[in-house]
file final.csv (CSV, C-alpha atoms)
chain,number,residue,atom,x,y,z
Q,1,MET,CA,126.8,138.1,76.6
Q,2,ARG,CA,128.8,136.7,79.4
Q,3,THR,CA,130.3,140.0,80.4
Q,4,MET,CA,126.9,141.7,80.8
Q,5,THR,CA,124.7,141.6,83.9
Q,6,GLN,CA,121.6,139.5,84.1
Q,7,SER,CA,119.4,142.6,84.0
Q,8,THR,CA,121.1,143.5,80.7
Q,9,ARG,CA,120.9,140.1,79.0
Q,10,PHE,CA,117.1,139.8,78.9
Q,11,PRO,CA,116.3,143.1,77.2
Q,12,MET,CA,119.3,142.7,74.9
Q,13,PHE,CA,118.0,139.2,73.9
Q,14,ILE,CA,114.5,140.6,73.2
Q,15,LEU,CA,116.0,143.6,71.3
Q,16,MET,CA,118.1,141.2,69.2
Q,17,LEU,CA,115.2,138.9,68.5
Q,18,ASN,CA,113.1,141.9,67.6
Q,19,LEU,CA,115.7,143.2,65.1
Q,20,PHE,CA,116.3,139.7,63.7
Q,21,ILE,CA,112.6,139.2,62.9
Q,22,ALA,CA,112.3,142.7,61.4
Q,23,LEU,CA,115.3,142.2,59.2
Q,24,LEU,CA,114.4,138.6,58.3
Q,25,GLY,CA,111.2,140.0,56.9
Q,26,GLN,CA,113.1,142.7,55.0
Q,27,GLY,CA,115.6,140.2,53.7
Q,28,MET,CA,112.8,138.0,52.4
Q,29,LEU,CA,111.8,140.7,49.9
Q,30,ILE,CA,115.2,141.0,48.2
Q,31,PRO,CA,115.2,138.0,45.8
Q,32,ILE,CA,111.7,138.4,44.5
Q,33,LEU,CA,111.6,142.1,43.9
Q,34,PRO,CA,112.6,141.9,40.2
Q,35,GLU,CA,109.9,139.4,39.6
Q,36,TYR,CA,107.4,141.4,41.6
Q,37,LEU,CA,108.1,144.6,39.6
Q,38,LYS,CA,107.2,142.7,36.4
Q,39,LEU,CA,103.6,142.9,37.6
Q,40,PHE,CA,103.9,146.6,37.1
Q,41,HIS,CA,105.9,146.4,33.9
Q,42,ALA,CA,108.8,148.0,35.7
Q,43,GLY,CA,112.5,147.2,36.0
Q,44,GLY,CA,115.8,148.4,37.3
Q,45,THR,CA,115.0,152.1,37.2
Q,46,VAL,CA,112.0,151.8,39.4
Q,47,ALA,CA,113.9,149.5,41.7
Q,48,GLY,CA,116.6,152.2,42.0
Q,49,PHE,CA,114.0,154.9,42.8
Q,50,LEU,CA,112.3,152.6,45.4
Q,51,VAL,CA,115.7,152.3,47.1
Q,52,ALA,CA,116.2,156.1,46.9
Q,53,ALA,CA,112.7,156.7,48.4
Q,54,PHE,CA,113.5,154.4,51.3
Q,55,GLY,CA,116.9,156.0,51.9
Q,56,ALA,CA,115.5,159.6,51.6
Q,57,ALA,CA,112.7,158.9,54.2
Q,58,GLN,CA,115.2,157.4,56.6
Q,59,PHE,CA,117.5,160.4,56.2
Q,60,LEU,CA,114.6,162.8,56.8
Q,61,PHE,CA,113.2,161.1,59.9
Q,62,SER,CA,116.4,159.8,61.6
Q,63,PRO,CA,117.1,163.1,63.4
Q,64,LEU,CA,113.4,163.2,64.6
Q,65,GLY,CA,113.6,159.6,65.6
Q,66,GLY,CA,116.6,160.3,67.8
Q,67,GLN,CA,115.0,163.5,69.3
Q,68,TRP,CA,111.7,161.7,70.0
Q,69,ALA,CA,113.5,158.8,71.6
Q,70,ASP,CA,114.9,161.2,74.2
Q,71,ARG,CA,111.6,162.9,74.5
Q,72,PHE,CA,109.1,160.0,74.6
Q,73,GLY,CA,111.3,157.1,75.6
Q,74,ARG,CA,113.0,154.3,73.6
Q,75,LYS,CA,110.2,151.8,73.8
Q,76,LYS,CA,107.5,153.9,72.2
Q,77,LEU,CA,109.7,154.8,69.2
Q,78,ILE,CA,110.7,151.1,68.7
Q,79,MET,CA,107.1,150.1,68.8
Q,80,ALA,CA,106.1,152.9,66.4
Q,81,GLY,CA,108.8,151.9,64.0
Q,82,MET,CA,107.9,148.3,64.0
Q,83,PHE,CA,104.2,149.0,63.4
Q,84,LEU,CA,105.2,151.2,60.4
Q,85,VAL,CA,107.2,148.2,59.1
Q,86,VAL,CA,104.0,146.2,59.2
Q,87,VAL,CA,102.1,148.9,57.3
Q,88,SER,CA,104.8,149.3,54.7
Q,89,ASP,CA,105.0,145.6,53.9
Q,90,LEU,CA,101.2,145.3,53.8
Q,91,ILE,CA,100.8,148.2,51.4
Q,92,PHE,CA,103.6,146.7,49.2
Q,93,ALA,CA,101.8,143.3,49.2
Q,94,VAL,CA,98.4,144.7,48.1
Q,95,SER,CA,99.7,147.5,45.8
Q,96,THR,CA,98.2,147.7,42.3
Q,97,SER,CA,100.1,150.8,41.1
Q,98,LEU,CA,103.6,152.2,41.2
Q,99,PRO,CA,102.7,155.2,43.4
Q,100,LEU,CA,101.5,152.8,46.1
Q,101,LEU,CA,104.9,151.0,46.0
Q,102,TYR,CA,106.7,154.4,46.4
Q,103,ILE,CA,104.4,155.2,49.4
Q,104,ALA,CA,105.1,151.8,50.9
Q,105,ARG,CA,108.9,152.2,50.6
Q,106,PHE,CA,108.8,155.8,52.0
Q,107,ILE,CA,106.8,154.5,55.0
Q,108,GLY,CA,109.4,151.7,55.4
Q,109,GLY,CA,112.2,154.4,55.4
Q,110,ILE,CA,110.3,156.3,58.1
Q,111,SER,CA,110.0,153.2,60.2
Q,112,LEU,CA,113.8,152.7,60.2
Q,113,GLY,CA,114.4,156.4,60.7
Q,114,LEU,CA,112.3,156.2,63.9
Q,115,MET,CA,113.4,152.7,65.1
Q,116,VAL,CA,117.1,152.5,64.6
Q,117,PRO,CA,118.1,155.5,66.6
Q,118,ALA,CA,115.9,154.3,69.4
Q,119,ASN,CA,117.4,150.9,69.3
Q,120,LEU,CA,120.9,152.3,69.3
Q,121,ALA,CA,120.0,154.5,72.3
Q,122,TYR,CA,118.5,151.5,74.1
Q,123,VAL,CA,121.7,149.5,73.7
Q,124,ALA,CA,123.7,152.5,75.0
Q,125,ASP,CA,121.3,152.7,78.0
Q,126,ILE,CA,121.7,149.1,79.1
Q,127,THR,CA,125.5,148.8,78.5
Q,128,THR,CA,128.5,150.3,80.3
Q,129,PRO,CA,131.2,152.2,78.5
Q,130,GLU,CA,133.3,149.0,78.8
Q,131,THR,CA,130.6,146.8,77.2
Q,132,ARG,CA,129.3,149.4,74.7
Q,133,ALA,CA,131.2,148.0,71.7
Q,134,LYS,CA,130.1,144.5,72.5
Q,135,GLY,CA,126.4,145.6,72.7
Q,136,MET,CA,126.7,147.4,69.3
Q,137,GLY,CA,128.2,144.3,67.9
Q,138,TYR,CA,125.2,142.2,69.0
Q,139,PHE,CA,123.0,144.9,67.5
Q,140,GLY,CA,124.7,144.5,64.1
Q,141,ALA,CA,124.9,140.7,64.2
Q,142,SER,CA,121.2,140.3,64.8
Q,143,MET,CA,120.4,142.4,61.7
Q,144,ASN,CA,123.0,140.5,59.6
Q,145,LEU,CA,121.6,137.2,60.6
Q,146,GLY,CA,118.1,138.3,59.5
Q,147,MET,CA,119.4,139.5,56.2
Q,148,VAL,CA,121.4,136.2,55.7
Q,149,LEU,CA,118.4,133.9,56.3
Q,150,GLY,CA,115.8,136.2,54.7
Q,151,PRO,CA,116.5,135.8,51.0
Q,152,GLY,CA,116.4,132.0,51.1
Q,153,LEU,CA,113.1,132.0,53.0
Q,154,GLY,CA,111.7,134.6,50.7
Q,155,GLY,CA,112.5,132.6,47.6
Q,156,PHE,CA,110.9,129.5,49.2
Q,157,ILE,CA,107.7,131.3,50.2
Q,158,ALA,CA,107.4,133.0,46.7
Q,159,GLU,CA,106.6,129.5,45.3
Q,160,MET,CA,103.1,130.1,46.8
Q,161,GLY,CA,102.8,133.4,45.0
Q,162,VAL,CA,105.0,136.4,44.3
Q,163,ARG,CA,103.0,138.6,46.7
Q,164,MET,CA,103.1,136.0,49.6
Q,165,PRO,CA,106.6,137.0,51.0
Q,166,TYR,CA,105.4,140.5,51.5
Q,167,PHE,CA,102.4,139.3,53.5
Q,168,VAL,CA,104.6,137.0,55.6
Q,169,ALA,CA,107.1,139.9,56.1
Q,170,SER,CA,104.2,142.0,57.4
Q,171,GLY,CA,103.2,139.2,59.8
Q,172,LEU,CA,106.7,138.8,61.1
Q,173,GLY,CA,106.9,142.6,61.7
Q,174,LEU,CA,103.8,142.3,63.8
Q,175,VAL,CA,105.3,139.6,65.9
Q,176,ALA,CA,108.4,141.7,66.4
Q,177,ALA,CA,106.3,144.7,67.4
Q,178,ILE,CA,104.4,142.6,70.0
Q,179,LEU,CA,107.7,141.3,71.4
Q,180,THR,CA,108.7,144.9,72.0
Q,181,LEU,CA,106.0,145.0,74.7
Q,182,LEU,CA,108.3,142.8,76.8
Q,183,LEU,CA,111.1,145.4,76.7
Q,184,PRO,CA,111.4,147.6,79.9
Q,185,GLU,CA,111.7,151.3,79.3
Q,186,THR,CA,115.2,152.5,79.9
Q,187,LEU,CA,114.7,156.3,80.0
Q,188,PRO,CA,112.6,157.4,83.0
Q,189,PRO,CA,110.3,160.4,82.7
Q,190,GLU,CA,112.5,162.7,84.7
Q,191,LYS,CA,115.5,162.2,82.4
Q,192,ARG,CA,113.3,162.8,79.4
Q,193,THR,CA,112.4,166.3,80.6
Q,194,ILE,CA,116.1,167.1,81.3
Q,195,SER,CA,117.4,165.7,78.0
Q,196,THR,CA,114.8,167.4,75.8
Q,197,SER,CA,114.5,170.8,77.3
Q,198,LYS,CA,117.4,172.2,75.3
Q,199,LYS,CA,116.0,170.8,72.0
Q,200,LYS,CA,112.5,171.9,72.2
Q,201,GLY,CA,111.4,173.6,69.0
Q,202,PHE,CA,114.3,172.2,66.9
Q,203,THR,CA,113.6,171.8,63.3
Q,204,MET,CA,115.4,169.1,61.4
Q,205,GLY,CA,117.6,171.6,59.7
Q,206,GLU,CA,118.5,173.2,63.0
Q,207,GLN,CA,119.3,169.8,64.5
Q,208,ILE,CA,121.6,168.9,61.5
Q,209,TRP,CA,123.3,172.3,61.9
Q,210,SER,CA,123.7,171.7,65.6
Q,211,SER,CA,125.5,168.4,64.8
Q,212,PHE,CA,128.5,170.5,63.6
Q,213,LYS,CA,129.0,171.6,67.2
Q,214,VAL,CA,128.8,168.3,69.1
Q,215,PRO,CA,132.1,166.9,70.4
Q,216,TYR,CA,131.7,163.7,68.3
Q,217,PHE,CA,131.1,165.5,65.0
Q,218,GLY,CA,134.4,164.0,63.7
Q,219,TYR,CA,133.0,160.5,64.3
Q,220,LEU,CA,129.8,161.4,62.4
Q,221,LEU,CA,132.0,162.5,59.5
Q,222,ILE,CA,133.8,159.1,59.7
Q,223,ILE,CA,130.4,157.3,59.5
Q,224,LEU,CA,129.4,159.4,56.5
Q,225,VAL,CA,132.6,158.9,54.5
Q,226,MET,CA,133.0,155.3,55.6
Q,227,THR,CA,129.4,154.4,54.5
Q,228,PHE,CA,129.9,156.3,51.2
Q,229,GLY,CA,132.9,154.1,50.5
Q,230,LEU,CA,131.4,150.8,51.7
Q,231,MET,CA,128.3,151.3,49.5
Q,232,SER,CA,130.6,151.3,46.5
Q,233,TYR,CA,131.2,147.6,47.2
Q,234,GLU,CA,127.7,146.6,48.2
Q,235,THR,CA,125.8,148.4,45.4
Q,236,VAL,CA,127.5,146.9,42.4
Q,237,PHE,CA,129.1,143.7,43.7
Q,238,SER,CA,126.6,141.4,41.9
Q,239,LEU,CA,127.2,143.2,38.6
Q,240,PHE,CA,130.9,143.4,39.3
Q,241,ALA,CA,131.2,139.6,39.9
Q,242,LYS,CA,129.0,138.8,36.9
Q,243,TYR,CA,130.8,141.0,34.3
Q,244,LYS,CA,134.4,140.7,35.6
Q,245,TYR,CA,134.4,137.1,36.8
Q,246,GLY,CA,131.4,135.7,34.9
Q,247,PHE,CA,129.9,134.2,38.1
Q,248,ASN,CA,126.2,133.3,38.2
Q,249,ALA,CA,123.6,134.3,40.8
Q,250,SER,CA,124.2,131.2,43.0
Q,251,THR,CA,127.9,131.8,43.2
Q,252,ILE,CA,127.4,135.4,44.0
Q,253,SER,CA,124.9,134.6,46.7
Q,254,ILE,CA,127.5,132.1,48.2
Q,255,ILE,CA,130.1,134.9,48.5
Q,256,ILE,CA,127.6,137.3,50.1
Q,257,THR,CA,126.3,134.7,52.5
Q,258,MET,CA,129.9,133.8,53.5
Q,259,GLY,CA,130.6,137.5,54.2
Q,260,ALA,CA,127.5,137.9,56.3
Q,261,ILE,CA,128.4,134.8,58.4
Q,262,ILE,CA,131.9,136.2,58.9
Q,263,GLY,CA,130.4,139.5,60.1
Q,264,ILE,CA,128.1,137.7,62.6
Q,265,VAL,CA,130.9,135.6,64.0
Q,266,ILE,CA,133.1,138.7,64.5
Q,267,GLN,CA,130.5,140.9,65.9
Q,268,ILE,CA,129.3,138.3,68.5
Q,269,TRP,CA,132.5,136.6,69.5
Q,270,LEU,CA,135.6,138.6,68.4
Q,271,LEU,CA,134.7,142.3,68.5
Q,272,ASP,CA,134.9,142.7,72.3
Q,273,PHE,CA,138.2,140.8,72.4
Q,274,PHE,CA,139.9,143.1,69.8
Q,275,VAL,CA,138.4,146.3,71.3
Q,276,LYS,CA,140.0,145.3,74.7
Q,277,ARG,CA,143.3,144.4,73.1
Q,278,LEU,CA,143.7,147.3,70.6
Q,279,GLY,CA,141.3,150.0,71.8
Q,280,GLU,CA,138.6,151.4,69.6
Q,281,ILE,CA,140.6,154.0,67.7
Q,282,LYS,CA,143.4,151.6,66.7
Q,283,LEU,CA,140.8,149.0,65.7
Q,284,ILE,CA,139.0,151.5,63.5
Q,285,ARG,CA,142.2,152.6,61.9
Q,286,LEU,CA,143.4,149.0,61.2
Q,287,SER,CA,140.0,148.2,59.7
Q,288,LEU,CA,140.1,151.4,57.5
Q,289,ILE,CA,143.5,150.2,56.2
Q,290,MET,CA,142.5,146.6,55.5
Q,291,THR,CA,139.1,147.2,53.9
Q,292,PRO,CA,140.5,149.3,51.0
Q,293,ILE,CA,143.3,146.8,50.5
Q,294,ALA,CA,140.6,144.1,50.2
Q,295,LEU,CA,138.6,146.2,47.7
Q,296,LEU,CA,141.8,146.7,45.5
Q,297,LEU,CA,142.6,143.0,45.7
Q,298,MET,CA,139.2,142.2,44.2
Q,299,LEU,CA,140.3,144.1,41.1
Q,300,ILE,CA,143.0,141.4,40.4
Q,301,LYS,CA,141.2,138.7,38.5
Q,302,VAL,CA,142.5,135.3,39.5
Q,303,ASN,CA,139.8,132.8,40.4
Q,304,LEU,CA,136.9,132.1,42.8
Q,305,VAL,CA,139.2,131.2,45.7
Q,306,PHE,CA,141.1,134.4,45.4
Q,307,LEU,CA,137.9,136.5,45.3
Q,308,LEU,CA,136.5,134.5,48.3
Q,309,PHE,CA,139.7,135.4,50.2
Q,310,ALA,CA,139.5,139.1,49.3
Q,311,SER,CA,135.8,139.2,50.1
Q,312,ALA,CA,136.4,137.5,53.4
Q,313,LEU,CA,139.1,140.0,54.3
Q,314,TYR,CA,136.7,142.9,53.4
Q,315,PHE,CA,133.8,141.5,55.4
Q,316,ALA,CA,135.9,140.7,58.4
Q,317,PHE,CA,137.3,144.2,58.9
Q,318,ASN,CA,134.0,145.8,57.8
Q,319,ALA,CA,132.3,144.0,60.7
Q,320,PHE,CA,134.6,145.9,63.1
Q,321,LEU,CA,133.9,149.3,61.8
Q,322,ARG,CA,130.3,150.4,62.4
Q,323,PRO,CA,129.8,149.0,65.9
Q,324,THR,CA,133.1,150.5,67.1
Q,325,VAL,CA,132.5,154.0,65.7
Q,326,SER,CA,128.9,153.8,67.0
Q,327,SER,CA,130.3,152.9,70.4
Q,328,LEU,CA,132.6,156.0,70.4
Q,329,ILE,CA,129.7,158.3,69.4
Q,330,SER,CA,127.5,156.8,72.2
Q,331,LYS,CA,130.3,157.3,74.8
Q,332,SER,CA,130.6,161.0,73.8
Q,333,ALA,CA,126.8,161.6,73.9
Q,334,GLY,CA,126.2,161.8,77.7
Q,335,ASP,CA,122.4,161.9,78.4
Q,336,ARG,CA,121.5,162.6,74.8
Q,337,GLN,CA,121.7,159.1,73.5
Q,338,GLY,CA,118.7,159.3,71.3
Q,339,TYR,CA,119.8,162.5,69.7
Q,340,ALA,CA,123.3,161.1,69.0
Q,341,SER,CA,121.9,157.8,67.7
Q,342,GLY,CA,119.6,159.8,65.4
Q,343,LEU,CA,122.6,161.8,64.0
Q,344,ASN,CA,124.5,158.5,63.6
Q,345,THR,CA,121.7,157.1,61.5
Q,346,THR,CA,121.3,160.3,59.5
Q,347,TYR,CA,124.9,160.5,58.5
Q,348,SER,CA,124.9,156.8,57.7
Q,349,SER,CA,121.8,157.2,55.5
Q,350,LEU,CA,123.4,160.1,53.6
Q,351,GLY,CA,126.1,157.7,52.6
Q,352,THR,CA,123.5,155.1,51.8
Q,353,VAL,CA,121.6,157.4,49.5
Q,354,PHE,CA,124.5,159.0,47.6
Q,355,GLY,CA,127.0,156.1,47.6
Q,356,PRO,CA,124.9,153.9,45.3
Q,357,LEU,CA,124.3,156.7,42.9
Q,358,VAL,CA,128.0,157.4,42.5
Q,359,ALA,CA,128.9,153.7,42.4
Q,360,GLY,CA,126.3,153.1,39.6
Q,361,LEU,CA,127.6,156.0,37.5
Q,362,LEU,CA,131.2,154.9,38.0
Q,363,PHE,CA,130.4,151.3,37.1
Q,364,ASP,CA,128.9,152.4,33.7
Q,365,LYS,CA,132.3,154.0,33.0
Q,366,ASN,CA,134.4,151.1,34.1
Q,367,VAL,CA,133.7,148.0,36.3
Q,368,ASN,CA,136.7,148.7,38.4
Q,369,PHE,CA,136.0,152.4,39.2
Q,370,PRO,CA,133.5,151.9,42.1
Q,371,TYR,CA,136.1,149.8,44.0
Q,372,ILE,CA,138.9,152.3,43.4
Q,373,PHE,CA,136.6,155.1,44.5
Q,374,GLY,CA,135.5,153.0,47.6
Q,375,ALA,CA,139.1,152.4,48.6
Q,376,PHE,CA,139.9,156.1,48.3
Q,377,MET,CA,136.9,157.1,50.4
Q,378,LEU,CA,137.8,154.6,53.1
Q,379,LEU,CA,141.4,156.0,53.2
Q,380,ALA,CA,139.8,159.4,53.5
Q,381,ALA,CA,137.9,158.1,56.6
Q,382,LEU,CA,141.2,156.9,58.0
Q,383,LEU,CA,142.6,160.5,57.8
Q,384,LEU,CA,139.5,161.7,59.5
Q,385,THR,CA,140.2,159.5,62.5
Q,386,MET,CA,143.3,161.6,63.1
Q,387,ASN,CA,141.3,164.8,63.4
Q,388,ALA,CA,138.5,163.2,65.3
Q,389,GLN,CA,140.8,161.8,67.9
Q,390,ARG,CA,142.6,165.1,68.4
Q,391,SER,CA,139.3,166.9,68.9
Q,392,ARG,CA,138.3,164.3,71.5
Q,393,LYS,CA,141.6,164.1,73.3
Q,394,GLY,CA,140.0,164.8,76.6
Q,395,ASN,CA,137.6,161.9,76.3
Q,396,ARG,CA,138.7,159.2,78.6
Q,397,TYR,CA,136.6,156.6,76.8
Q,398,ALA,CA,138.1,157.1,73.3
Q,399,SER,CA,140.9,154.7,74.1
Q,400,GLU,CA,144.0,154.2,72.0
call {"tool": "encode", "arguments": {"input": "final.csv", "output": "structure tokens"}}
result
Amino acid sequence: MRTMTQSTRFPMFILMLNLFIALLGQGMLIPILPEYLKLFHAGGTVAGFLVAAFGAAQFLFSPLGGQWADRFGRKKLIMAGMFLVVVSDLIFAVSTSLPLLYIARFIGGISLGLMVPANLAYVADITTPETRAKGMGYFGASMNLGMVLGPGLGGFIAEMGVRMPYFVASGLGLVAAILTLLLPETLPPEKRTISTSKKKGFTMGEQIWSSFKVPYFGYLLIILVMTFGLMSYETVFSLFAKYKYGFNASTISIIITMGAIIGIVIQIWLLDFFVKRLGEIKLIRLSLIMTPIALLLMLIKVNLVFLLFASALYFAFNAFLRPTVSSLISKSAGDRQGYASGLNTTYSSLGTVFGPLVAGLLFDKNVNFPYIFGAFMLLAALLLTMNAQRSRKGNRYASE
């Protein structure tokens, strides 16, 4: 954070610690979910619907989260989201029926729908246009670190009981919510009145419709198509590595952990350097060329070293994408940072909901199809950058 002012560093540190703890708790739940579902005599189908319930709730509430972050302030929405994380994990821990599990995951999706747009808006508030991409990189790195360390910790805690990780995750969420009290509010009341007067009475449908008219709509489309393509990798990678390469769970986890570490290193130490050297648009285009190349390389079965190389290439350029596109959206949003962040999360969650469904269907046809489809979608996002840049030609921050 050496390029940021002292007044920026402290809230950024608290925000990163908050997100790290929240995602550490969520990551803890991943390895023990299949075993936990056995208590309900459920398997993969239920797991898929639980993911869909989470994604659907996030999609529905992200526009509201962004709008409310502009209306009530960033801090209140972050606090509300964190407390809902606590409630979600606690209900999941004590559930005795499948309907309660669905309710828990839906509440979890609401929590991120409220919290993530407010977090993104907060980062935009405390950074300058020149340090915006760096701030977004820190945002992504803190979440990645939590997801890297979470599964191992969750597996260890599960030795004390399969429900125990969910109780611990709830406790960690409470700690993160309390830490939010240390955050200063970045949106003063007078700006809340100005930034929300135009949106009063918006329904969610009207807000989505209004997104077609914002100057950064092209970047929102890039987020949607890009996430759609990236989810083709993430959804079926474990199955792909097992059926195509014959790798076991430990080898697969090594590959995923390596990728997450690469992402953290790039987002903290390298992202700002490349943005300054290439500009955001060129970096996005380069990444949208290299990530599909990496996906297609994975289809060539050689050995573990080759797959590690292709995966490292994918994770490296993937780490550049979301923070950089989010930075461009933020720079185009003016005083409506919460609104823009909500739309950012909404379009991303659309890709997160439908991407896995398509990837799963394609995988059942052929193990290679999700990766071919993912590469095609990422190249489509590359073409969208051309139109997006032309529509924002007058924006002095969308640097070449």
call {"tool": "closest_residue", "arguments": {"input": "final.csv", "among": "Q:Phe59, Q:Ala312, Q:Leu321, Q:Gly25", "to": "Q:Met147", "atoms": "all atoms listed in the file"}}
result
Q:Gly25
call {"tool": "closest_residue", "arguments": {"input": "final.csv", "among": "Q:Phe40, Q:Phe13, Q:Phe83, Q:Phe306", "to": "Q:Leu174", "atoms": "only C-alpha atoms"}}
result
Q:Phe83
call {"tool": "atom_distance", "arguments": {"input": "final.csv", "atom1": "atom CA of Q:Glu130", "atom2": "atom CA of Q:Thr324"}}
result
11.8 Å
call {"tool": "residues_around", "arguments": {"input": "final.csv", "residues": "Q:Thr96", "least_positions_apart": "2", "cutoff": "12 Å", "atoms": "only C-alpha atoms", "output": "PyMOL selection string"}}
result
chain Q and resi 36-41+91-94+98-102+104+163
call {"tool": "atom_distance", "arguments": {"input": "final.csv", "atom1": "atom CA of Q:Leu271", "atom2": "atom CA of Q:Arg9"}}
result
17.5 Å
call {"tool": "residues_around", "arguments": {"input": "final.csv", "residues": "stretch 152-161 of chain Q", "least_positions_apart": "2", "cutoff": "10 Å", "atoms": "all atoms listed in the file", "output": "PyMOL selection string"}}
result
chain Q and resi 24-32+35-36+147-150+163-166+168-169+253
call {"tool": "write_last_selection", "arguments": {"input": "final.csv", "atoms": "C-alpha atoms", "output": "CSV table (one decimal), in the coordinates of the input"}}
result
chain,number,residue,atom,x,y,z
Q,24,LEU,CA,114.4,138.6,58.3
Q,25,GLY,CA,111.2,140.0,56.9
Q,26,GLN,CA,113.1,142.7,55.0
Q,27,GLY,CA,115.6,140.2,53.7
Q,28,MET,CA,112.8,138.0,52.4
Q,29,LEU,CA,111.8,140.7,49.9
Q,30,ILE,CA,115.2,141.0,48.2
Q,31,PRO,CA,115.2,138.0,45.8
Q,32,ILE,CA,111.7,138.4,44.5
Q,35,GLU,CA,109.9,139.4,39.6
Q,36,TYR,CA,107.4,141.4,41.6
Q,147,MET,CA,119.4,139.5,56.2
Q,148,VAL,CA,121.4,136.2,55.7
Q,149,LEU,CA,118.4,133.9,56.3
Q,150,GLY,CA,115.8,136.2,54.7
Q,163,ARG,CA,103.0,138.6,46.7
Q,164,MET,CA,103.1,136.0,49.6
Q,165,PRO,CA,106.6,137.0,51.0
Q,166,TYR,CA,105.4,140.5,51.5
Q,168,VAL,CA,104.6,137.0,55.6
Q,169,ALA,CA,107.1,139.9,56.1
Q,253,SER,CA,124.9,134.6,46.7
call {"tool": "closest_residue", "arguments": {"input": "final.csv", "among": "Q:Ala121, Q:Ile252, Q:Leu343, Q:Leu145", "to": "Q:Gly205", "atoms": "only C-alpha atoms"}}
result
Q:Leu343
call {"tool": "residues_around", "arguments": {"input": "final.csv", "residues": "Q:Phe247", "least_positions_apart": "5", "cutoff": "12 Å", "atoms": "only C-alpha atoms", "output": "list in words"}}
result
Phe237, Ser238, Leu239, Phe240, Ala241, Lys242, Ile252, Ser253, Ile254, Ile255, Asn303, Leu304 and Leu307 of chain Q
call {"tool": "atom_distance", "arguments": {"input": "final.csv", "atom1": "atom CA of Q:Arg105", "atom2": "atom CA of Q:Ala57"}}
result
8.5 Å
call {"tool": "closest_residue", "arguments": {"input": "final.csv", "among": "Q:Asn368, Q:Gln267, Q:Ser232, Q:Thr385", "to": "Q:Leu288", "atoms": "all atoms listed in the file"}}
result
Q:Thr385
call {"tool": "closest_residue", "arguments": {"input": "final.csv", "among": "Q:Thr257, Q:Asn318, Q:Thr131, Q:Ser170", "to": "Q:Pro151", "atoms": "only C-alpha atoms"}}
result
Q:Thr257
call {"tool": "closest_residue", "arguments": {"input": "final.csv", "among": "Q:Gly66, Q:Gly334, Q:Pro292, Q:Gly81", "to": "Q:Thr180", "atoms": "only C-alpha atoms"}}
result
Q:Gly81
call {"tool": "residues_around", "arguments": {"input": "final.csv", "residues": "Q:Ile126", "least_positions_apart": "4", "cutoff": "8 Å", "atoms": "only C-alpha atoms", "output": "JSON, numbers by chain"}}
result
{"Q": [8, 122, 186]}
call {"tool": "residues_near_point", "arguments": {"input": "final.csv", "point": "(116.7, 158.5, 53.7)", "cutoff": "12 Å", "atoms": "only C-alpha atoms", "output": "PDB file with C-alpha atoms, in the frame of the given file"}}
result
ATOM      1  CA  PHE Q  49     114.000 154.900  42.800  1.00  0.00           C
ATOM      2  CA  LEU Q  50     112.300 152.600  45.400  1.00  0.00           C
ATOM      3  CA  VAL Q  51     115.700 152.300  47.100  1.00  0.00           C
ATOM      4  CA  ALA Q  52     116.200 156.100  46.900  1.00  0.00           C
ATOM      5  CA  ALA Q  53     112.700 156.700  48.400  1.00  0.00           C
ATOM      6  CA  PHE Q  54     113.500 154.400  51.300  1.00  0.00           C
ATOM      7  CA  GLY Q  55     116.900 156.000  51.900  1.00  0.00           C
ATOM      8  CA  ALA Q  56     115.500 159.600  51.600  1.00  0.00           C
ATOM      9  CA  ALA Q  57     112.700 158.900  54.200  1.00  0.00           C
ATOM     10  CA  GLN Q  58     115.200 157.400  56.600  1.00  0.00           C
ATOM     11  CA  PHE Q  59     117.500 160.400  56.200  1.00  0.00           C
ATOM     12  CA  LEU Q  60     114.600 162.800  56.800  1.00  0.00           C
ATOM     13  CA  PHE Q  61     113.200 161.100  59.900  1.00  0.00           C
ATOM     14  CA  SER Q  62     116.400 159.800  61.600  1.00  0.00           C
ATOM     15  CA  PRO Q  63     117.100 163.100  63.400  1.00  0.00           C
ATOM     16  CA  ARG Q 105     108.900 152.200  50.600  1.00  0.00           C
ATOM     17  CA  PHE Q 106     108.800 155.800  52.000  1.00  0.00           C
ATOM     18  CA  ILE Q 107     106.800 154.500  55.000  1.00  0.00           C
ATOM     19  CA  GLY Q 108     109.400 151.700  55.400  1.00  0.00           C
ATOM     20  CA  GLY Q 109     112.200 154.400  55.400  1.00  0.00           C
ATOM     21  CA  ILE Q 110     110.300 156.300  58.100  1.00  0.00           C
ATOM     22  CA  SER Q 111     110.000 153.200  60.200  1.00  0.00           C
ATOM     23  CA  LEU Q 112     113.800 152.700  60.200  1.00  0.00           C
ATOM     24  CA  GLY Q 113     114.400 156.400  60.700  1.00  0.00           C
ATOM     25  CA  LEU Q 114     112.300 156.200  63.900  1.00  0.00           C
ATOM     26  CA  THR Q 345     121.700 157.100  61.500  1.00  0.00           C
ATOM     27  CA  THR Q 346     121.300 160.300  59.500  1.00  0.00           C
ATOM     28  CA  TYR Q 347     124.900 160.500  58.500  1.00  0.00           C
ATOM     29  CA  SER Q 348     124.900 156.800  57.700  1.00  0.00           C
ATOM     30  CA  SER Q 349     121.800 157.200  55.500  1.00  0.00           C
ATOM     31  CA  LEU Q 350     123.400 160.100  53.600  1.00  0.00           C
ATOM     32  CA  GLY Q 351     126.100 157.700  52.600  1.00  0.00           C
ATOM     33  CA  THR Q 352     123.500 155.100  51.800  1.00  0.00           C
ATOM     34  CA  VAL Q 353     121.600 157.400  49.500  1.00  0.00           C
ATOM     35  CA  PHE Q 354     124.500 159.000  47.600  1.00  0.00           C
TER      36      PHE Q 354
END
